[in-house]
$ cat coords15.tsv   # TSV, C-alpha atoms and all ligand atoms
chain	number	residue	atom	x	y	z
A	42	MET	CA	-76.36	-16.13	-40.28
A	43	GLU	CA	-78.76	-15.21	-37.50
A	44	ILE	CA	-82.34	-14.02	-37.94
A	45	THR	CA	-83.99	-11.91	-35.26
A	46	SER	CA	-87.35	-10.28	-34.88
A	47	GLU	CA	-86.88	-8.78	-31.41
A	48	ILE	CA	-85.09	-5.51	-30.75
A	49	LYS	CA	-83.66	-6.76	-27.44
A	50	LYS	CA	-82.06	-9.86	-28.94
A	51	THR	CA	-80.78	-7.84	-31.92
A	52	ARG	CA	-79.08	-5.37	-29.60
A	53	GLU	CA	-77.41	-8.22	-27.68
A	54	ILE	CA	-75.95	-9.71	-30.85
A	55	ILE	CA	-74.70	-6.32	-32.03
A	56	LYS	CA	-73.18	-5.60	-28.63
A	57	GLN	CA	-71.15	-8.83	-28.92
A	58	ALA	CA	-70.02	-7.99	-32.45
A	59	LYS	CA	-68.91	-4.54	-31.30
A	60	ALA	CA	-67.13	-6.01	-28.28
A	61	ALA	CA	-65.19	-8.22	-30.71
A	62	GLY	CA	-64.05	-5.03	-32.44
A	63	LYS	CA	-66.25	-5.42	-35.52
A	64	THR	CA	-67.55	-2.51	-37.55
A	65	ILE	CA	-71.29	-2.67	-38.17
A	66	GLY	CA	-72.93	-2.10	-41.55
A	67	LEU	CA	-76.65	-1.80	-42.17
A	68	VAL	CA	-78.63	-2.28	-45.36
A	69	PRO	CA	-82.21	-1.23	-44.60
A	70	THR	CA	-84.76	-2.92	-46.89
A	71	MET	CA	-88.42	-3.76	-47.16
A	72	GLY	CA	-87.57	-7.26	-48.42
A	73	ALA	CA	-88.43	-8.62	-51.88
A	74	LEU	CA	-84.70	-8.46	-52.44
A	75	HIS	CA	-83.36	-8.15	-55.95
A	76	GLU	CA	-79.95	-7.61	-57.52
A	77	GLY	CA	-80.10	-3.92	-56.52
A	78	HIS	CA	-80.29	-4.84	-52.83
A	79	LEU	CA	-77.62	-7.50	-53.29
A	80	SER	CA	-75.26	-4.89	-54.68
A	81	LEU	CA	-75.89	-2.77	-51.53
A	82	ILE	CA	-75.14	-5.85	-49.42
A	83	ARG	CA	-71.91	-6.52	-51.32
A	84	ILE	CA	-70.75	-2.91	-50.96
A	85	CYS	CA	-71.60	-3.04	-47.24
A	86	ARG	CA	-69.74	-6.36	-46.94
A	87	GLN	CA	-66.60	-4.75	-48.39
A	88	LYS	CA	-66.75	-1.86	-45.95
A	89	CYS	CA	-67.82	-3.56	-42.71
A	90	ASP	CA	-67.03	-6.63	-40.62
A	91	PHE	CA	-70.60	-7.36	-39.54
A	92	VAL	CA	-73.40	-6.87	-42.05
A	93	ILE	CA	-77.02	-6.50	-40.98
A	94	VAL	CA	-79.96	-6.44	-43.38
A	95	SER	CA	-83.23	-5.19	-41.95
A	96	ILE	CA	-86.38	-6.47	-43.62
A	97	PHE	CA	-89.41	-4.46	-42.60
A	98	VAL	CA	-92.32	-3.35	-44.76
A	99	ASN	CA	-92.81	-0.08	-42.96
A	100	PRO	CA	-96.52	0.80	-42.75
A	101	THR	CA	-95.94	4.48	-41.90
A	102	GLN	CA	-94.41	5.26	-45.30
A	103	PHE	CA	-97.37	3.95	-47.30
A	104	GLY	CA	-100.35	6.18	-48.11
A	105	PRO	CA	-103.90	4.83	-47.56
A	106	ALA	CA	-104.34	4.05	-51.29
A	107	GLU	CA	-100.86	2.54	-51.75
A	108	ASP	CA	-99.67	-1.05	-52.07
A	109	LEU	CA	-98.92	-1.92	-48.40
A	110	ALA	CA	-101.18	-5.01	-48.35
A	111	LYS	CA	-99.98	-6.34	-51.66
A	112	TYR	CA	-96.31	-5.44	-51.21
A	113	PRO	CA	-94.38	-8.72	-51.89
A	114	ARG	CA	-93.04	-10.52	-48.80
A	115	PRO	CA	-90.98	-13.54	-49.94
A	116	PHE	CA	-89.30	-13.85	-46.54
A	117	GLU	CA	-87.67	-17.30	-46.88
A	118	TRP	CA	-86.24	-16.43	-50.27
A	119	ASP	CA	-84.91	-13.10	-48.95
A	120	CYS	CA	-83.17	-14.89	-46.08
A	121	ARG	CA	-81.60	-17.33	-48.50
A	122	LEU	CA	-80.25	-14.48	-50.62
A	123	CYS	CA	-78.88	-12.80	-47.51
A	124	ARG	CA	-77.19	-16.02	-46.39
A	125	ASP	CA	-75.69	-16.57	-49.85
A	126	ASN	CA	-74.33	-13.02	-49.87
A	127	GLY	CA	-72.51	-13.17	-46.57
A	128	VAL	CA	-74.98	-11.31	-44.35
A	129	ASP	CA	-74.36	-11.88	-40.63
A	130	LEU	CA	-77.76	-10.90	-39.27
A	131	VAL	CA	-81.24	-10.38	-40.69
A	132	PHE	CA	-83.40	-8.19	-38.48
A	133	ALA	CA	-87.02	-8.72	-39.45
A	134	PRO	CA	-89.33	-7.25	-36.83
A	135	ALA	CA	-93.12	-7.35	-36.88
A	136	ALA	CA	-94.98	-4.04	-37.08
A	137	GLU	CA	-95.89	-4.37	-33.37
A	138	GLU	CA	-92.22	-4.59	-32.44
A	139	MET	CA	-91.35	-1.39	-34.32
A	140	TYR	CA	-94.57	0.45	-33.44
A	141	PRO	CA	-95.74	-1.04	-30.11
A	142	GLN	CA	-98.00	1.94	-29.50
A	143	LYS	CA	-99.48	4.74	-31.57
A	144	GLN	CA	-96.48	6.67	-32.88
A	145	ILE	CA	-96.61	10.25	-31.60
A	146	ILE	CA	-92.97	11.18	-32.16
A	147	TRP	CA	-91.94	11.63	-35.78
A	148	VAL	CA	-88.83	12.66	-37.69
A	149	ASP	CA	-90.21	15.13	-40.17
A	150	VAL	CA	-88.56	16.77	-43.15
A	151	GLU	CA	-89.08	20.33	-44.29
A	152	THR	CA	-88.65	21.44	-47.92
A	153	LEU	CA	-87.01	18.30	-49.29
A	154	GLY	CA	-89.94	16.10	-48.42
A	155	ASP	CA	-92.87	17.82	-50.05
A	156	HIS	CA	-91.99	17.90	-53.75
A	157	LEU	CA	-90.80	15.26	-56.27
A	158	CYS	CA	-91.99	11.94	-54.79
A	159	GLY	CA	-93.28	13.73	-51.68
A	160	ALA	CA	-95.92	15.64	-53.69
A	161	SER	CA	-97.83	12.52	-54.69
A	162	ARG	CA	-96.94	10.62	-51.50
A	163	PRO	CA	-97.77	12.96	-48.60
A	164	GLY	CA	-96.24	11.74	-45.33
A	165	HIS	CA	-94.05	9.21	-47.14
A	166	PHE	CA	-90.70	10.70	-46.16
A	167	ARG	CA	-91.84	11.33	-42.60
A	168	GLY	CA	-92.50	7.58	-42.40
A	169	VAL	CA	-89.16	6.75	-44.04
A	170	CYS	CA	-87.15	9.07	-41.77
A	171	THR	CA	-88.92	7.86	-38.64
A	172	VAL	CA	-88.33	4.19	-39.37
A	173	VAL	CA	-84.74	4.75	-40.52
A	174	ALA	CA	-84.03	6.75	-37.34
A	175	LYS	CA	-85.49	3.86	-35.31
A	176	LEU	CA	-83.31	1.37	-37.21
A	177	PHE	CA	-80.23	3.52	-36.65
A	178	ASN	CA	-81.02	3.71	-32.91
A	179	ILE	CA	-81.61	-0.04	-32.64
A	180	ILE	CA	-78.62	-1.13	-34.72
A	181	THR	CA	-76.19	1.78	-34.16
A	182	PRO	CA	-74.35	1.03	-37.42
A	183	ASP	CA	-71.06	2.63	-38.43
A	184	ILE	CA	-72.20	2.67	-42.06
A	185	ALA	CA	-75.62	2.41	-43.72
A	186	CYS	CA	-75.98	1.77	-47.46
A	187	PHE	CA	-78.72	3.35	-49.59
A	188	GLY	CA	-79.33	3.15	-53.34
A	189	GLN	CA	-78.93	6.18	-55.59
A	190	LYS	CA	-82.08	5.02	-57.38
A	191	ASP	CA	-84.11	6.49	-54.51
A	192	ALA	CA	-82.25	9.79	-54.87
A	193	GLN	CA	-84.70	11.83	-52.83
A	194	GLN	CA	-84.69	9.30	-50.00
A	195	LEU	CA	-80.88	9.33	-50.03
A	196	ALA	CA	-80.72	13.14	-49.93
A	197	ILE	CA	-83.24	13.28	-47.08
A	198	ILE	CA	-81.48	10.60	-45.02
A	199	ARG	CA	-78.20	12.47	-45.45
A	200	GLN	CA	-79.86	15.64	-44.21
A	201	MET	CA	-81.39	13.75	-41.29
A	202	VAL	CA	-78.00	12.37	-40.26
A	203	ARG	CA	-76.42	15.81	-40.54
A	204	GLY	CA	-79.33	17.69	-38.98
A	205	LEU	CA	-79.73	15.35	-36.00
A	206	ASN	CA	-75.98	14.71	-35.47
A	207	MET	CA	-76.32	10.99	-36.00
A	208	ASN	CA	-73.01	9.20	-35.66
A	209	LEU	CA	-72.72	7.12	-38.83
A	210	GLU	CA	-71.67	7.34	-42.44
A	211	ILE	CA	-74.24	7.12	-45.24
A	212	CYS	CA	-72.87	5.22	-48.20
A	213	PRO	CA	-74.60	5.97	-51.53
A	214	CYS	CA	-74.61	3.02	-53.95
A	215	PRO	CA	-75.09	3.12	-57.75
A	216	THR	CA	-78.38	2.10	-59.39
A	217	VAL	CA	-78.41	-1.47	-60.70
A	218	ARG	CA	-80.18	-1.99	-64.03
A	219	GLU	CA	-81.60	-4.85	-66.08
A	220	PRO	CA	-79.54	-5.60	-69.23
A	221	ASP	CA	-81.93	-3.37	-71.21
A	222	GLY	CA	-81.49	-0.49	-68.76
A	223	LEU	CA	-84.63	-0.62	-66.60
A	224	ALA	CA	-83.70	0.28	-63.02
A	225	LEU	CA	-84.31	-2.67	-60.70
A	226	SER	CA	-87.28	-2.26	-58.39
A	227	SER	CA	-89.46	-4.63	-56.39
A	228	ARG	CA	-92.39	-2.98	-58.18
A	229	ASN	CA	-91.18	-4.06	-61.66
A	230	GLN	CA	-92.86	-7.41	-61.05
A	231	TYR	CA	-96.27	-5.69	-61.21
A	232	LEU	CA	-95.68	-4.78	-64.89
A	233	ASP	CA	-97.26	-6.83	-67.69
A	234	SER	CA	-95.14	-7.49	-70.77
A	235	GLN	CA	-96.34	-4.40	-72.65
A	236	GLN	CA	-95.81	-2.13	-69.66
A	237	ARG	CA	-92.38	-3.69	-69.09
A	238	GLN	CA	-91.42	-2.79	-72.66
A	239	GLN	CA	-92.82	0.73	-72.39
A	240	ALA	CA	-91.02	1.25	-69.05
A	241	LEU	CA	-87.77	1.60	-70.99
A	242	CYS	CA	-88.85	5.13	-71.87
A	243	LEU	CA	-87.77	6.32	-68.40
A	244	LEU	CA	-84.12	5.63	-69.13
A	245	GLN	CA	-84.47	6.74	-72.76
A	246	ALA	CA	-85.71	10.11	-71.51
A	247	LEU	CA	-82.89	10.37	-68.97
A	248	ARG	CA	-80.32	9.46	-71.62
A	249	ARG	CA	-81.74	12.12	-73.94
A	250	ALA	CA	-81.44	14.63	-71.10
A	251	GLY	CA	-77.81	13.59	-70.57
A	252	GLU	CA	-77.08	14.05	-74.27
A	253	MET	CA	-78.66	17.50	-74.25
A	254	VAL	CA	-76.57	18.56	-71.25
A	255	ALA	CA	-73.43	17.16	-72.93
A	256	ALA	CA	-74.30	19.20	-76.04
A	257	GLY	CA	-74.44	22.35	-73.92
A	258	GLN	CA	-78.19	22.75	-73.32
A	259	SER	CA	-78.66	24.55	-70.00
A	260	ASP	CA	-82.36	25.47	-70.17
A	261	THR	CA	-83.97	22.93	-67.87
A	262	GLN	CA	-87.45	23.53	-69.31
A	263	ALA	CA	-86.20	22.54	-72.79
A	264	ILE	CA	-84.69	19.36	-71.35
A	265	ILE	CA	-87.89	18.53	-69.45
A	266	ALA	CA	-89.99	19.11	-72.60
A	267	ALA	CA	-87.81	16.69	-74.61
A	268	MET	CA	-88.07	14.06	-71.88
A	269	LYS	CA	-91.84	14.51	-71.68
A	270	GLU	CA	-92.17	13.94	-75.39
A	271	ILE	CA	-90.25	10.64	-75.22
A	272	ILE	CA	-92.39	9.35	-72.37
A	273	GLU	CA	-95.71	10.44	-73.81
A	274	ARG	CA	-95.04	8.40	-76.95
A	275	GLN	CA	-95.78	5.30	-74.85
A	276	PRO	CA	-99.56	4.86	-74.52
A	277	GLN	CA	-99.65	3.36	-71.01
A	278	THR	CA	-97.54	6.03	-69.33
A	279	ARG	CA	-98.69	8.86	-67.09
A	280	ILE	CA	-96.06	11.29	-65.87
A	281	ASP	CA	-96.10	12.04	-62.15
A	282	TYR	CA	-93.14	14.43	-62.34
A	283	ILE	CA	-89.99	15.22	-64.25
A	284	SER	CA	-87.71	17.54	-62.27
A	285	ILE	CA	-84.26	18.99	-62.48
A	286	VAL	CA	-83.06	19.94	-59.01
A	287	ASP	CA	-79.85	20.62	-57.13
A	288	ASN	CA	-78.51	17.42	-55.63
A	289	ASP	CA	-78.28	18.68	-52.06
A	290	LEU	CA	-81.51	20.41	-51.07
A	291	LEU	CA	-83.42	19.24	-54.17
A	292	GLN	CA	-84.55	22.72	-55.17
A	293	PRO	CA	-85.67	23.13	-58.80
A	294	ILE	CA	-83.18	24.95	-61.01
A	295	SER	CA	-83.96	26.78	-64.23
A	296	ARG	CA	-80.41	27.02	-65.66
A	297	LEU	CA	-78.01	24.14	-65.47
A	298	ASP	CA	-74.90	25.85	-64.17
A	299	ARG	CA	-73.90	23.23	-61.55
A	300	PRO	CA	-74.26	19.47	-60.98
A	301	ALA	CA	-77.91	18.52	-60.84
A	302	LEU	CA	-80.22	15.60	-60.31
A	303	ILE	CA	-82.65	14.83	-63.13
A	304	ALA	CA	-85.39	12.71	-61.60
A	305	LEU	CA	-88.70	11.37	-62.82
A	306	ALA	CA	-91.64	9.28	-61.70
A	307	VAL	CA	-93.92	7.72	-64.27
A	308	TYR	CA	-96.95	5.48	-63.92
A	309	LEU	CA	-97.13	2.42	-66.19
A	310	GLY	CA	-100.76	1.49	-65.74
A	311	PRO	CA	-101.16	1.47	-61.94
A	312	THR	CA	-97.44	0.95	-61.21
A	313	ARG	CA	-95.33	3.96	-60.37
A	314	LEU	CA	-91.66	3.76	-61.37
A	315	ILE	CA	-88.84	6.18	-60.57
A	316	ASP	CA	-85.39	6.74	-61.98
A	317	ASN	CA	-82.76	9.50	-62.08
A	318	ILE	CA	-79.32	10.53	-63.25
A	319	ILE	CA	-76.84	13.09	-62.00
A	320	VAL	CA	-75.49	15.47	-64.61
A	321	ASP	CA	-72.58	17.82	-64.37
A	322	PRO	CA	-72.53	20.52	-67.06
A	323	ALA	CA	-68.85	21.22	-66.24
A	324	ASN	CA	-67.57	17.82	-67.34
A	325	LYS	CA	-70.50	17.18	-69.69
A	326	SER	CA	-70.77	13.52	-68.72
A	327	LEU	CA	-73.57	11.45	-67.21
B	1	LIG	O1	-85.86	2.10	-49.53
B	1	LIG	C1	-86.57	1.35	-48.83
B	1	LIG	O2	-86.72	0.16	-49.08
B	1	LIG	C2	-87.27	1.92	-47.61
B	1	LIG	O3	-87.74	3.21	-47.84
B	1	LIG	C3	-86.42	1.88	-46.33
B	1	LIG	C4	-85.18	2.76	-46.46
B	1	LIG	C5	-86.00	0.45	-46.03
B	1	LIG	C6	-87.22	2.41	-45.13
B	1	LIG	O4	-88.36	1.65	-44.91

$ encode --input "coords15.tsv" --output "structure tokens"
Amino acid sequence: MEITSEIKKTREIIKQAKAAGKTIGLVPTMGALHEGHLSLIRICRQKCDFVIVSIFVNPTQFGPAEDLAKYPRPFEWDCRLCRDNGVDLVFAPAAEEMYPQKQIIWVDVETLGDHLCGASRPGHFRGVCTVVAKLFNIITPDIACFGQKDAQQLAIIRQMVRGLNMNLEICPCPTVREPDGLALSSRNQYLDSQQRQQALCLLQALRRAGEMVAAGQSDTQAIIAAMKEIIERQPQTRIDYISIVDNDLLQPISRLDRPALIALAVYLGPTRLIDNIIVDPANKSL
């Protein structure tokens, strides 16, 4: 496995892999790899001949009061996990390599970017799209893998690829969970034991929503109210949002008459966690 930090060197290696007829897969990450990332890597490995993991804690997607400085950076450990999981190249640039000068060109998102997670994280998806577009231009992958856990990010990246005619396939990958159901996240490590226990209410609320849909409930406000009640039973929670939206343009829907994304973000103390499920009232399954 090779590790690069320079764009030029990275491009050379990729050029050679392409010349040897290999298909290129990218798993973009901010490091602090966990089983969720490893499942993206394994899916990418199955689909592509040459797997690249980018590790870059992208400053432009963090707000001024967010956890950029304290975001975990266990680089050696991450590289070991990549090596053990058959990654061919880790691209881990410094911020100066990705942003050598003040960034004045941005990939911005209308509509999809300013609600759900975008409401409490202004500019976040502009930062995500810009860095992902840079990574796509540097790496020119055939396939890039993204987790369904970040459903809004996935929907926005898909729109970006479509809207800017980018020549690659976006591969959505299922959310990986702890045995008790908590969705894996690098931020879970910030939780103390009480918060960790209370964090289970996110999935409990989503499961309740799924049951209500399966039982024929189509009033999204009733579903949201039931979810709210489950979460508010836990003393350390603060709801950022609970939304039921269409899974393409992420517009809120009032009656569940088509497949929808039920997404929520909840603070446990200072740590903000997200999770979601897709429901389809037609086949009444999660
Ligand atoms: O999902 C993430 O870890 C990041 O948002 C991404 C896609 C690597 C862009 O920085």

$ residues_around --input "coords15.tsv" --residues "His78 (chain A)" --least-positions-apart "6" --cutoff "9 Å" --atoms "only C-alpha atoms" --output "PyMOL selection string"
chain A and resi 68+70+72+187-188+217

$ write_last_selection --input "coords15.tsv" --atoms "C-alpha atoms" --output "mmCIF file, in the coordinates of the input"
data_model
loop_
_atom_site.group_PDB
_atom_site.id
_atom_site.type_symbol
_atom_site.label_atom_id
_atom_site.label_comp_id
_atom_site.auth_asym_id
_atom_site.auth_seq_id
_atom_site.Cartn_x
_atom_site.Cartn_y
_atom_site.Cartn_z
ATOM 1 C CA VAL A 68 -78.630 -2.280 -45.360
ATOM 2 C CA THR A 70 -84.760 -2.920 -46.890
ATOM 3 C CA GLY A 72 -87.570 -7.260 -48.420
ATOM 4 C CA PHE A 187 -78.720 3.350 -49.590
ATOM 5 C CA GLY A 188 -79.330 3.150 -53.340
ATOM 6 C CA VAL A 217 -78.410 -1.470 -60.700
#

$ closest_atom_pairs --input "coords15.tsv" --of "region 155-205 of chain A" --to "region 95-108 of chain A" --cutoff "6 Å" --atoms "only C-alpha atoms" --output "tab-separated table"
residue	atom	partner	partner_atom	distance
A:His165	CA	A:Gln102	CA	4.4
A:Gly168	CA	A:Gln102	CA	4.2
A:Val169	CA	A:Gln102	CA	5.6

$ atom_distance --input "coords15.tsv" --atom1 "CA of Cys158 (chain A)" --atom2 "CA of Val320 (chain A)"
19.5 Å

$ atom_distance --input "coords15.tsv" --atom1 "CA of Ser80 (chain A)" --atom2 "CA of Ala224 (chain A)"
12.9 Å

$ closest_residue --input "coords15.tsv" --among "A:Ala255, A:Pro322, A:Asp316, A:Gly164" --to "Arg218 (chain A)" --atoms "only C-alpha atoms"
A:Asp316

$ closest_residue --input "coords15.tsv" --among "A:Ala240, A:Ala58, A:Ala133, A:Cys89" --to "ligand LIG 1 (chain B)" --atoms "all atoms listed in the file"
A:Ala133

$ closest_residue --input "coords15.tsv" --among "A:Pro163, A:Pro311, A:Gly222, A:Pro134" --to "Thr51 (chain A)" --atoms "only C-alpha atoms"
A:Pro134

$ residues_around --input "coords15.tsv" --residues "Val150 (chain A)" --least-positions-apart "3" --cutoff "7 Å" --atoms "all atoms listed in the file" --output "PyMOL selection string"
chain A and resi 153-154+167

$ closest_residue --input "coords15.tsv" --among "A:Ser226, A:Gln200, A:Lys50, A:Ala135" --to "ligand LIG 1 (chain B)" --atoms "only C-alpha atoms and all ligand atoms"
A:Ser226

$ closest_residue --input "coords15.tsv" --among "A:Leu297, A:Leu309, A:Ile280, A:Ala267" --to "Ser234 (chain A)" --atoms "only C-alpha atoms"
A:Leu309

$ atom_distance --input "coords15.tsv" --atom1 "CA of Leu74 (chain A)" --atom2 "CA of Gln87 (chain A)"
18.9 Å
